[in-house]
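File shown: start-v4.cif. Contents: mmCIF, C-alpha atoms.
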```cif
data_run
#
loop_
_atom_site.label_atom_id
_atom_site.label_comp_id
_atom_site.auth_asym_id
_atom_site.auth_seq_id
_atom_site.Cartn_x
_atom_site.Cartn_y
_atom_site.Cartn_z
CA MET A 1 0.00 0.00 0.00
CA PRO A 2 1.55 3.36 -0.96
CA PHE A 3 2.56 5.67 1.87
CA GLU A 4 0.28 8.64 2.23
CA MET A 5 1.24 11.85 3.98
CA PRO A 6 -0.98 12.69 6.96
CA GLU A 7 -3.30 15.60 6.45
CA PHE A 8 -1.82 18.19 8.76
CA GLY A 9 -4.40 20.89 8.20
CA LYS A 10 -7.48 18.69 8.58
CA GLY A 11 -10.27 20.86 9.97
CA LEU A 12 -8.19 23.98 9.63
CA PHE A 13 -8.11 24.25 5.87
CA THR A 14 -10.61 23.42 3.17
CA LEU A 15 -9.56 22.78 -0.39
CA GLU A 16 -12.00 23.07 -3.27
CA LEU A 17 -11.59 21.90 -6.86
CA GLU A 18 -13.76 22.55 -9.91
CA LEU A 19 -13.35 21.06 -13.37
CA GLU A 20 -14.51 22.90 -16.47
CA GLU A 21 -15.92 19.69 -17.96
CA THR A 22 -17.56 16.69 -16.38
CA GLU A 23 -16.16 14.29 -19.02
CA LEU A 24 -14.33 14.24 -22.35
CA ASP A 25 -15.43 12.38 -25.48
CA SER A 26 -11.83 11.83 -26.52
CA PRO A 27 -8.34 12.54 -25.11
CA GLY A 28 -7.75 16.25 -24.58
CA ARG A 29 -7.27 18.99 -22.03
CA VAL A 30 -9.44 20.00 -19.09
CA LYS A 31 -9.17 23.27 -17.21
CA TYR A 32 -9.50 23.30 -13.46
CA ALA A 33 -9.68 25.90 -10.75
CA GLY A 34 -9.52 25.59 -7.00
CA ARG A 35 -9.14 27.49 -3.78
CA LEU A 36 -7.72 26.96 -0.30
CA LEU A 37 -9.92 28.31 2.48
CA ILE A 38 -9.52 28.89 6.19
CA PRO A 39 -12.37 28.73 8.76
CA GLY A 40 -15.07 31.19 7.89
CA ASP A 41 -14.63 30.26 4.19
CA LEU A 42 -12.01 32.93 3.83
CA PRO A 43 -9.20 32.63 1.28
CA ALA A 44 -6.09 31.22 2.89
CA PRO A 45 -3.35 33.87 3.02
CA LEU A 46 -0.59 31.27 2.90
CA PRO A 47 2.41 30.71 0.65
CA ALA A 48 1.14 27.18 0.02
CA PHE A 49 1.57 24.99 -3.03
CA SER A 50 -1.14 23.08 -4.82
CA ARG A 51 -1.26 20.38 -7.42
CA VAL A 52 -3.94 18.33 -9.11
CA VAL A 53 -3.62 14.58 -9.58
CA ALA A 54 -5.60 12.37 -11.96
CA GLU A 55 -5.30 8.69 -11.07
CA ARG A 56 -6.28 5.68 -13.11
CA GLU A 57 -6.19 2.09 -11.97
CA GLY A 58 -2.95 0.37 -12.78
CA GLU A 59 -1.42 3.45 -14.46
CA GLU A 60 0.98 6.21 -13.54
CA PRO A 61 -1.01 9.22 -12.30
CA ILE A 62 -1.16 12.45 -14.26
CA VAL A 63 0.19 15.18 -11.98
CA SER A 64 -0.04 18.90 -12.66
CA ASP A 65 2.83 21.29 -11.99
CA ASP A 66 3.00 22.71 -8.48
CA VAL A 67 1.33 26.10 -8.29
CA ILE A 68 2.15 28.52 -5.51
CA LEU A 69 -0.96 30.09 -4.08
CA PRO A 70 -0.90 33.87 -4.15
CA ILE A 71 -0.72 35.62 -0.81
CA GLY A 72 -0.75 39.00 -2.44
CA PRO A 73 -3.28 41.60 -3.35
CA PRO A 74 -6.99 41.12 -3.89
CA LYS A 75 -8.80 40.15 -7.05
CA VAL A 76 -8.49 43.52 -8.68
CA GLY A 77 -5.49 45.67 -8.03
CA ILE A 78 -4.15 48.96 -9.23
CA GLU A 79 -0.99 49.14 -11.23
CA TRP A 80 0.69 52.45 -11.52
CA GLU A 81 3.79 53.56 -13.29
CA TRP A 82 4.97 57.13 -13.08
CA TRP A 83 4.77 57.72 -16.80
CA GLN A 84 1.14 56.62 -17.16
CA PRO A 85 -2.08 56.91 -15.16
CA PRO A 86 -3.06 54.17 -12.67
CA ARG A 87 -5.14 51.35 -14.17
CA PRO A 88 -7.10 48.44 -12.67
CA VAL A 89 -5.65 44.98 -13.38
CA ALA A 90 -7.03 41.52 -12.71
CA ARG A 91 -4.98 39.42 -10.36
CA ILE A 92 -5.21 35.81 -9.26
CA PRO A 93 -7.53 35.86 -6.25
CA LEU A 94 -6.07 35.15 -2.86
CA GLY A 95 -5.80 31.43 -2.10
CA GLU A 96 -6.84 30.39 -5.59
CA PHE A 97 -5.11 28.32 -8.24
CA PHE A 98 -5.94 27.14 -11.71
CA GLY A 99 -4.41 25.09 -14.50
CA GLU A 100 -4.97 22.40 -17.08
CA LEU A 101 -4.67 18.63 -17.14
CA ASN A 102 -3.76 16.85 -20.36
CA PHE A 103 -5.39 13.46 -20.82
CA GLU A 104 -3.63 11.51 -23.56
CA GLU A 105 -5.48 8.26 -23.03
CA VAL A 106 -9.09 7.25 -22.63
CA GLY A 107 -10.17 5.79 -19.32
CA GLU A 108 -11.82 6.44 -16.00
CA TYR A 109 -9.86 8.82 -13.82
CA LYS A 110 -10.17 9.97 -10.22
CA ILE A 111 -9.10 13.58 -9.89
CA HIS A 112 -8.21 15.32 -6.66
CA ALA A 113 -6.29 18.41 -5.55
CA GLU A 114 -3.74 18.66 -2.77
CA ALA A 115 -2.20 21.63 -0.97
CA TYR A 116 1.23 21.54 0.63
CA PRO A 117 3.23 23.97 2.72
CA THR A 118 6.34 23.34 0.53
CA PRO A 119 6.86 22.17 -3.03
CA ILE A 120 9.05 19.24 -1.98
CA ARG A 121 6.09 17.57 -0.27
CA MET A 122 8.18 16.17 2.58
CA LEU A 123 5.79 17.78 5.05
CA PRO A 124 2.19 16.70 5.66
CA THR A 125 -0.47 18.01 3.32
CA LEU A 126 -2.53 21.00 4.38
CA ALA A 127 -5.68 19.77 2.69
CA LYS A 128 -6.94 17.38 0.06
CA THR A 129 -10.17 17.27 -1.94
CA GLU A 130 -12.41 14.25 -2.31
CA PRO A 131 -11.70 12.49 -5.63
CA ILE A 132 -13.93 13.40 -8.58
CA SER A 133 -14.70 10.69 -11.15
CA PHE A 134 -13.83 11.79 -14.65
CA LEU A 135 -14.36 9.81 -17.85
CA VAL A 136 -12.22 10.30 -20.96
CA GLY A 137 -13.58 8.59 -24.07
CA LYS A 138 -16.17 5.88 -24.25
CA PRO A 139 -16.57 3.62 -21.22
CA GLY A 140 -15.72 -0.02 -21.61
CA ILE A 141 -12.41 0.46 -23.45
CA ARG A 142 -9.67 -1.33 -21.60
CA PHE A 143 -6.57 -3.05 -22.93
CA LEU A 144 -3.95 -5.03 -21.06
CA LEU A 145 -0.33 -5.02 -22.18
CA GLU A 146 2.31 -7.55 -21.27
CA ARG A 147 6.05 -6.97 -21.19
CA PRO A 148 7.31 -7.49 -24.77
CA THR A 149 9.63 -10.38 -25.49
CA VAL A 150 12.65 -10.32 -27.80
CA THR A 151 13.93 -13.24 -29.87
CA PRO A 152 16.36 -14.86 -30.62
CA SER A 153 18.06 -13.48 -27.50
CA THR A 154 17.74 -10.61 -25.06
CA THR A 155 21.47 -9.86 -25.29
CA VAL A 156 22.61 -9.38 -28.85
CA LYS A 157 25.36 -7.75 -30.86
CA PRO A 158 24.81 -4.78 -33.16
CA PHE A 159 23.42 -5.68 -36.62
CA THR A 160 21.43 -8.58 -35.23
CA ASP A 161 17.94 -9.12 -36.60
CA ILE A 162 15.53 -9.43 -33.71
CA THR A 163 11.77 -9.80 -33.36
CA ILE A 164 9.95 -7.83 -30.70
CA ARG A 165 6.68 -9.45 -29.73
CA CYS A 166 4.08 -7.26 -27.99
CA PRO A 167 1.01 -9.12 -26.68
CA VAL A 168 -2.16 -7.02 -26.39
CA THR A 169 -5.27 -8.34 -24.63
CA SER A 170 -8.69 -6.75 -25.01
CA ASP A 171 -10.76 -6.31 -21.87
CA CYS A 172 -13.29 -4.20 -23.79
CA ASP A 173 -17.00 -4.78 -24.03
CA LYS A 174 -16.93 -5.17 -27.82
CA SER A 175 -14.58 -5.66 -30.80
CA TYR A 176 -12.38 -2.80 -31.92
CA ASP A 177 -9.98 -2.18 -34.81
CA ILE A 178 -6.69 -1.26 -33.18
CA THR A 179 -3.18 -0.37 -34.24
CA VAL A 180 -0.15 -0.84 -32.03
CA LYS A 181 2.99 1.23 -32.04
CA CYS A 182 6.24 -0.12 -30.61
CA ILE A 183 8.86 2.51 -29.72
CA VAL A 184 12.47 1.55 -29.04
CA TYR A 185 14.48 3.80 -26.75
CA GLU A 186 18.01 3.68 -25.50
CA GLY A 187 17.90 2.87 -21.82
CA SER A 188 19.26 5.15 -19.18
CA VAL A 189 20.87 4.85 -15.77
CA TRP A 190 18.52 7.65 -14.70
CA PRO A 191 14.75 7.29 -14.30
CA GLY A 192 13.01 7.28 -17.67
CA HIS A 193 14.52 6.41 -20.99
CA GLY A 194 17.21 7.78 -23.27
CA ASP A 195 17.03 8.77 -26.94
CA LYS A 196 14.35 7.34 -29.19
CA LEU A 197 15.89 4.94 -31.70
CA ALA A 198 12.91 3.87 -33.80
CA GLU A 199 9.17 3.39 -33.82
CA TYR A 200 7.22 0.71 -35.59
CA PRO A 201 3.50 0.99 -36.32
CA SER A 202 1.49 -2.18 -36.86
CA ALA A 203 -1.21 -2.89 -39.40
CA VAL A 204 -4.82 -2.51 -38.25
CA ALA A 205 -6.09 -5.58 -36.42
CA ASN A 206 -9.54 -6.40 -35.13
CA ILE A 207 -9.53 -7.59 -31.54
CA SER A 208 -12.50 -9.17 -29.76
CA PRO A 209 -13.21 -9.03 -26.03
CA GLY A 210 -10.92 -11.43 -24.18
CA GLN A 211 -8.72 -12.01 -27.24
CA THR A 212 -4.93 -11.65 -27.11
CA ILE A 213 -3.05 -10.65 -30.24
CA SER A 214 0.75 -10.65 -30.39
CA PHE A 215 2.13 -7.91 -32.60
CA ASP A 216 5.59 -8.74 -33.99
CA PHE A 217 8.04 -6.05 -35.04
CA SER A 218 11.31 -6.80 -36.82
CA ARG A 219 14.35 -4.73 -36.08
CA ARG A 220 18.06 -4.78 -36.82
CA THR A 221 19.93 -3.75 -33.70
CA VAL A 222 22.36 -0.88 -33.64
CA ALA A 223 25.17 -0.03 -31.28
CA GLY A 224 24.39 2.81 -28.89
CA THR A 225 25.88 4.80 -26.06
CA ILE A 226 24.49 2.29 -23.56
CA ASP A 227 23.62 -1.38 -23.94
CA ARG A 228 20.11 -1.18 -22.42
CA ARG A 229 17.00 -0.83 -24.55
CA ASP A 230 13.61 0.28 -23.26
CA LEU A 231 10.36 -0.36 -25.09
CA GLU A 232 7.07 1.51 -25.13
CA VAL A 233 3.90 -0.01 -26.54
CA GLN A 234 0.95 2.18 -27.47
CA VAL A 235 -2.51 1.02 -28.51
CA PHE A 236 -4.69 3.21 -30.73
CA ILE A 237 -8.31 3.11 -31.80
CA GLY A 238 -8.23 5.29 -34.86
CA GLU A 239 -6.18 8.33 -33.86
CA ALA A 240 -6.98 8.08 -30.15
CA LYS A 241 -4.39 6.51 -27.91
CA VAL A 242 -6.22 4.22 -25.54
CA LYS A 243 -3.36 2.55 -23.72
CA SER A 244 0.40 2.78 -23.38
CA SER A 245 3.03 1.20 -21.18
CA GLU A 246 6.79 1.31 -21.03
CA TRP A 247 9.30 -1.28 -19.84
CA ASP A 248 12.94 -0.80 -18.93
CA ASP A 249 15.81 -2.99 -20.10
CA VAL A 250 13.78 -5.33 -22.29
CA TYR A 251 16.89 -6.29 -24.22
CA TYR A 252 20.55 -5.42 -24.42
CA VAL A 253 22.81 -4.61 -27.36
CA THR A 254 26.48 -4.99 -26.61
CA THR A 255 28.29 -1.70 -27.07
CA GLU A 256 31.39 -3.41 -28.42
CA VAL A 257 31.33 -2.99 -32.19
CA PRO A 258 33.31 -5.59 -34.11
CA THR A 259 35.22 -3.55 -36.68
CA MET A 260 37.55 -5.38 -39.02
CA ILE A 261 39.35 -4.22 -42.12
CA ALA A 262 41.83 -6.37 -44.01
CA ILE A 263 43.70 -5.41 -47.18
CA GLU A 264 43.69 -8.42 -49.51
CA SER A 265 45.90 -7.09 -52.30
CA LEU A 266 47.31 -3.93 -53.83
CA ALA A 267 47.46 -2.94 -57.49
CA LEU A 268 49.91 -0.26 -58.55
CA SER A 269 49.63 1.72 -61.75
CA MET B 1 61.04 -9.26 -16.61
CA VAL B 2 60.35 -8.55 -20.25
CA GLU B 3 61.07 -4.97 -21.25
CA PRO B 4 58.20 -3.38 -23.16
CA ARG B 5 59.09 -2.40 -26.68
CA ILE B 6 57.30 -1.09 -29.68
CA VAL B 7 56.84 -3.67 -32.37
CA MET B 8 55.82 -2.49 -35.81
CA LEU B 9 53.79 -5.02 -37.71
CA VAL B 10 53.16 -4.67 -41.40
CA THR B 11 51.09 -7.41 -42.96
CA LYS B 12 52.55 -8.33 -46.34
CA VAL B 13 50.06 -8.61 -49.19
CA PRO B 14 50.34 -9.44 -52.92
CA CYS B 15 51.10 -6.56 -55.27
CA ASN B 16 52.29 -6.06 -58.86
CA SER B 17 55.51 -4.22 -59.75
CA VAL B 18 55.71 -0.99 -61.71
CA SER B 19 58.36 1.36 -62.99
CA LYS B 20 57.76 5.10 -62.84
CA ARG B 21 59.65 8.27 -63.65
CA GLN B 22 60.29 10.85 -60.92
CA ASP B 23 57.94 13.29 -62.61
CA GLN B 24 55.07 10.80 -62.66
CA VAL B 25 52.64 9.85 -59.92
CA LEU B 26 51.83 6.47 -58.50
CA ASN B 27 48.26 5.18 -58.20
CA VAL B 28 47.37 2.49 -55.66
CA ARG B 29 44.21 0.43 -55.69
CA ALA B 30 43.60 -1.28 -52.35
CA ASN B 31 41.36 -4.33 -52.41
CA TYR B 32 40.08 -5.12 -48.94
CA THR B 33 37.31 -6.62 -46.87
CA TYR B 34 35.38 -4.69 -44.22
CA GLN B 35 33.09 -5.82 -41.42
CA GLY B 36 31.52 -3.46 -38.91
CA PRO B 37 29.25 -0.45 -38.54
CA ALA B 38 28.87 2.31 -41.12
CA ILE B 39 31.73 4.71 -40.44
CA THR B 40 34.00 7.05 -42.30
CA GLY B 41 37.61 5.98 -42.11
CA ARG B 42 40.82 6.95 -43.86
CA LEU B 43 43.11 4.91 -46.04
CA GLY B 44 46.62 6.11 -46.66
CA ALA B 45 49.44 4.98 -48.92
CA VAL B 46 53.11 5.86 -48.85
CA VAL B 47 56.20 4.73 -50.76
CA THR B 48 58.75 3.00 -48.55
CA GLN B 49 62.35 1.91 -48.78
CA LYS B 50 64.27 -0.74 -46.96
CA THR B 51 66.85 0.54 -44.47
CA VAL B 52 68.92 -1.07 -41.78
CA TYR B 53 66.34 0.09 -39.23
CA SER B 54 63.10 -0.71 -40.97
CA GLU B 55 61.79 -2.75 -43.85
CA PHE B 56 59.16 -0.09 -44.49
CA ASP B 57 60.89 3.25 -43.97
CA GLU B 58 58.37 5.81 -45.20
CA ILE B 59 59.19 8.55 -47.69
CA GLY B 60 56.94 11.24 -46.33
CA SER B 61 56.72 13.36 -49.48
CA THR B 62 54.92 10.52 -51.26
CA ARG B 63 52.13 10.14 -48.71
CA LYS B 64 48.46 10.35 -49.78
CA GLU B 65 45.34 9.77 -47.67
CA VAL B 66 41.71 9.48 -48.73
CA TYR B 67 38.44 9.35 -46.77
CA VAL B 68 36.42 6.18 -47.20
CA ASP B 69 32.73 5.73 -46.36
CA LEU B 70 32.56 2.19 -45.08
CA PRO B 71 29.07 0.68 -45.23
CA ALA B 72 27.64 -1.33 -42.34
CA SER B 73 28.20 -5.01 -42.83
CA GLU B 74 27.72 -7.97 -40.56
CA THR B 75 30.07 -10.21 -42.54
CA PRO B 76 33.34 -9.35 -44.31
CA ARG B 77 32.46 -7.47 -47.47
CA SER B 78 34.84 -6.96 -50.42
CA LEU B 79 35.50 -3.33 -51.29
CA TYR B 80 38.21 -1.35 -53.01
CA THR B 81 39.54 2.17 -52.80
CA ASN B 82 41.78 4.08 -55.19
CA ILE B 83 44.50 6.20 -53.66
CA THR B 84 45.79 8.20 -56.56
CA GLY B 85 48.53 10.70 -57.22
CA LEU B 86 51.36 9.70 -54.90
CA PRO B 87 54.14 12.11 -56.01
CA LEU B 88 57.46 10.46 -56.72
CA ALA B 89 59.57 13.60 -57.07
CA GLY B 90 61.09 12.98 -53.65
CA CYS B 91 62.33 9.53 -54.59
CA GLU B 92 65.85 8.98 -55.88
CA PRO B 93 66.06 7.10 -59.14
CA LYS B 94 66.56 3.51 -58.08
CA ALA B 95 64.83 0.15 -57.81
CA GLY B 96 63.54 -1.68 -54.76
CA TYR B 97 60.97 0.73 -53.35
CA GLY B 98 58.08 -0.73 -51.45
CA ILE B 99 54.54 0.47 -50.75
CA LYS B 100 52.64 0.63 -47.51
CA VAL B 101 48.89 1.10 -47.04
CA TYR B 102 47.34 1.88 -43.66
CA ALA B 103 43.92 2.54 -42.18
CA LEU B 104 43.11 5.40 -39.81
CA ASP B 105 40.07 6.18 -37.62
CA LEU B 106 39.47 2.47 -37.10
CA ASP B 107 40.60 0.26 -34.26
CA GLY B 108 44.36 0.77 -34.01
CA LYS B 109 46.44 1.57 -37.09
CA PRO B 110 46.61 -1.58 -39.18
CA GLU B 111 49.26 -1.54 -41.91
CA TRP B 112 49.84 -3.63 -45.02
CA GLY B 113 52.68 -3.46 -47.49
CA CYS B 114 54.95 -5.12 -49.96
CA LEU B 115 58.65 -4.80 -50.77
CA ASN B 116 60.48 -4.30 -54.05
CA VAL B 117 57.52 -3.34 -56.16
CA LEU B 118 58.49 0.10 -57.46
CA THR B 119 61.36 1.29 -59.57
CA VAL B 120 61.82 5.03 -59.93
CA THR B 121 63.77 6.28 -62.89
CA GLY B 122 65.27 9.74 -63.33
CA VAL B 123 63.87 12.25 -65.71
CA ALA B 124 66.13 11.94 -68.75
CA VAL B 125 67.76 15.21 -69.86
CA GLU B 126 67.74 15.34 -73.65
CA PRO B 127 71.07 16.69 -75.02
CA GLU B 128 70.42 19.89 -76.86
CA LEU B 129 72.74 21.43 -79.43
CA GLU B 130 71.92 24.78 -80.77
CA ILE B 131 74.16 26.42 -83.38
CA THR B 132 74.08 30.08 -82.80
CA SER B 133 76.46 31.15 -85.61
CA LEU B 134 78.81 29.87 -88.20
CA SER B 135 81.95 31.50 -89.44
CA VAL B 136 83.58 30.40 -92.65
CA SER B 137 87.27 30.97 -93.39
#
```
Turn the structure described in the file into structure tokens.
Amino acid sequence: MPFEMPEFGKGLFTLELELEETELDSPGRVKYAGRLLIPGDLPAPLPAFSRVVAEREGEEPIVSDDVILPIGPPKVGIEWEWWQPPRPVARIPLGEFFGELNFEEVGEYKIHAEAYPTPIRMLPTLAKTEPISFLVGKPGIRFLLERPTVTPSTTVKPFTDITIRCPVTSDCDKSYDITVKCIVYEGSVWPGHGDKLAEYPSAVANISPGQTISFDFSRRTVAGTIDRRDLEVQVFIGEAKVKSSEWDDVYYVTTEVPTMIAIESLALS
Amino acid sequence: MVEPRIVMLVTKVPCNSVSKRQDQVLNVRANYTYQGPAITGRLGAVVTQKTVYSEFDEIGSTRKEVYVDLPASETPRSLYTNITGLPLAGCEPKAGYGIKVYALDLDGKPEWGCLNVLTVTGVAVEPELEITSLSVS
């Protein structure tokens, strides 16, 4: 069970979150706005940080950038410069934050907002909203991806022809025509992957509920700056990406490149 | 304890013999096999002579190098490269010169050569007689 920071400001602070839409027909962006309140429903005059998190079962959450809540002037302020007359300007209201979440994949999300006293989030949260259910795309679209396998071997030399097999299982409520894209990255010693080396789109395939289709991609390996290779598999219905997963160190390409040149004969003229 | 020492290795390969004048240039076609990734390397050729110190003592003024785009190949692939225009003006007229070909920008500096394949002849000076005047007595 993941560790959860205790809510330090429970009862002291109230956090509110509003989404501009209640659902999206297809992947896209949703604007949100929220506010941190103190007792008496007053805007919190704190240098707090907020973020919005969209969670989906079995997937990495989508997390917004941290936004520092303004502690400054009220909603409308006056700006004045000596060379021009004072003018009213709109400012971000006290205790409020807003932003946008980008949903790249269809699915059912739970969205909540959190407020922290620092951006590093090592301290307890000040407040947290109740999760809001949010649907992107049609319900009932769910695909399961398994870690791809590589043949003939997971450790190969450069210039070796390999086959990357990506099994996709449909857990949808009906048949769909899907395409699968396999992306090969150099691995990295840091979190995430290195440079993209190649991507391979599949032909369109019809997949029924409960069916597993293995998509094979042929590749000739190349030497890189590191021997590790990461793979990402994406599933599309039409243009809409409905599922993606990435795996580290699926196969290795030895960095030693066998270079050999041999003069056989010379001809002078 | 074995003292470390530099050992120069030149792989000897077959080569035809030619005779050239000092004012001519020498062209070398190197037939070779390559296996490895696609890279740009260099092939160089230089005329050599045999001395008491070295079988392949290079005559620097004759050196020529060319860039070679080597294609990726999993297995040894036969290729050739022409290294043209080695100037022979710096060679004394005599027989017994050798030729050395080497690769750069690859692993190490492999060298190949052959001995006694080049004879350099001097540029013949034609005797000229010009009669400027005649006097009859």
Residues of chain B no more than 7 Å from chain A, counting all atoms listed in the file: send them over as a ChimeraX atom specification.
-> /B:13-18,26-37,74,112
Interatomic distance, CA of Arg51 (chain A) to CA of Phe103 (chain A) (Å, one decimal) | 15.6 Å
Using only the atoms of region 66-73 of chain B listed in the file, plus 4 Å on each side, state the axis-aligned box centre and edge lengths in Å rounded to one decimal, as AutoDock Vina command-line options.
```
--center_x 34.7 --center_y 2.2 --center_z -45.5 --size_x 22.1 --size_y 22.5 --size_z 14.4
```
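Going from CA of Val101 (chain B) over to CA of Ala45 (chain B), you cover 4.3 Å.
We find CA of Ala48 (chain A) and CA of Glu108 (chain A) to be spaced 29.2 Å apart.
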For this file, the PyMOL selection byres ((chain A and resi 225-241) around 6) selects which residues, as a list in words?
-> Glu105, Ile178, Thr179, Val180, Lys181, Cys182, Ile183, Val184, Tyr185, Glu186, Gly187, Gly224, Val242, Lys243, Ser244, Ser245, Glu246, Trp247, Asp248, Asp249, Val250, Tyr251, Tyr252, Val253, Thr254 and Thr255 of chain A
Up to 9 Å from (53.0, 11.6, -46.1) in the file's coordinates: name the residues, counting all atoms listed in the file, as a ChimeraX atom specification.
-> /B:44-47,58-65
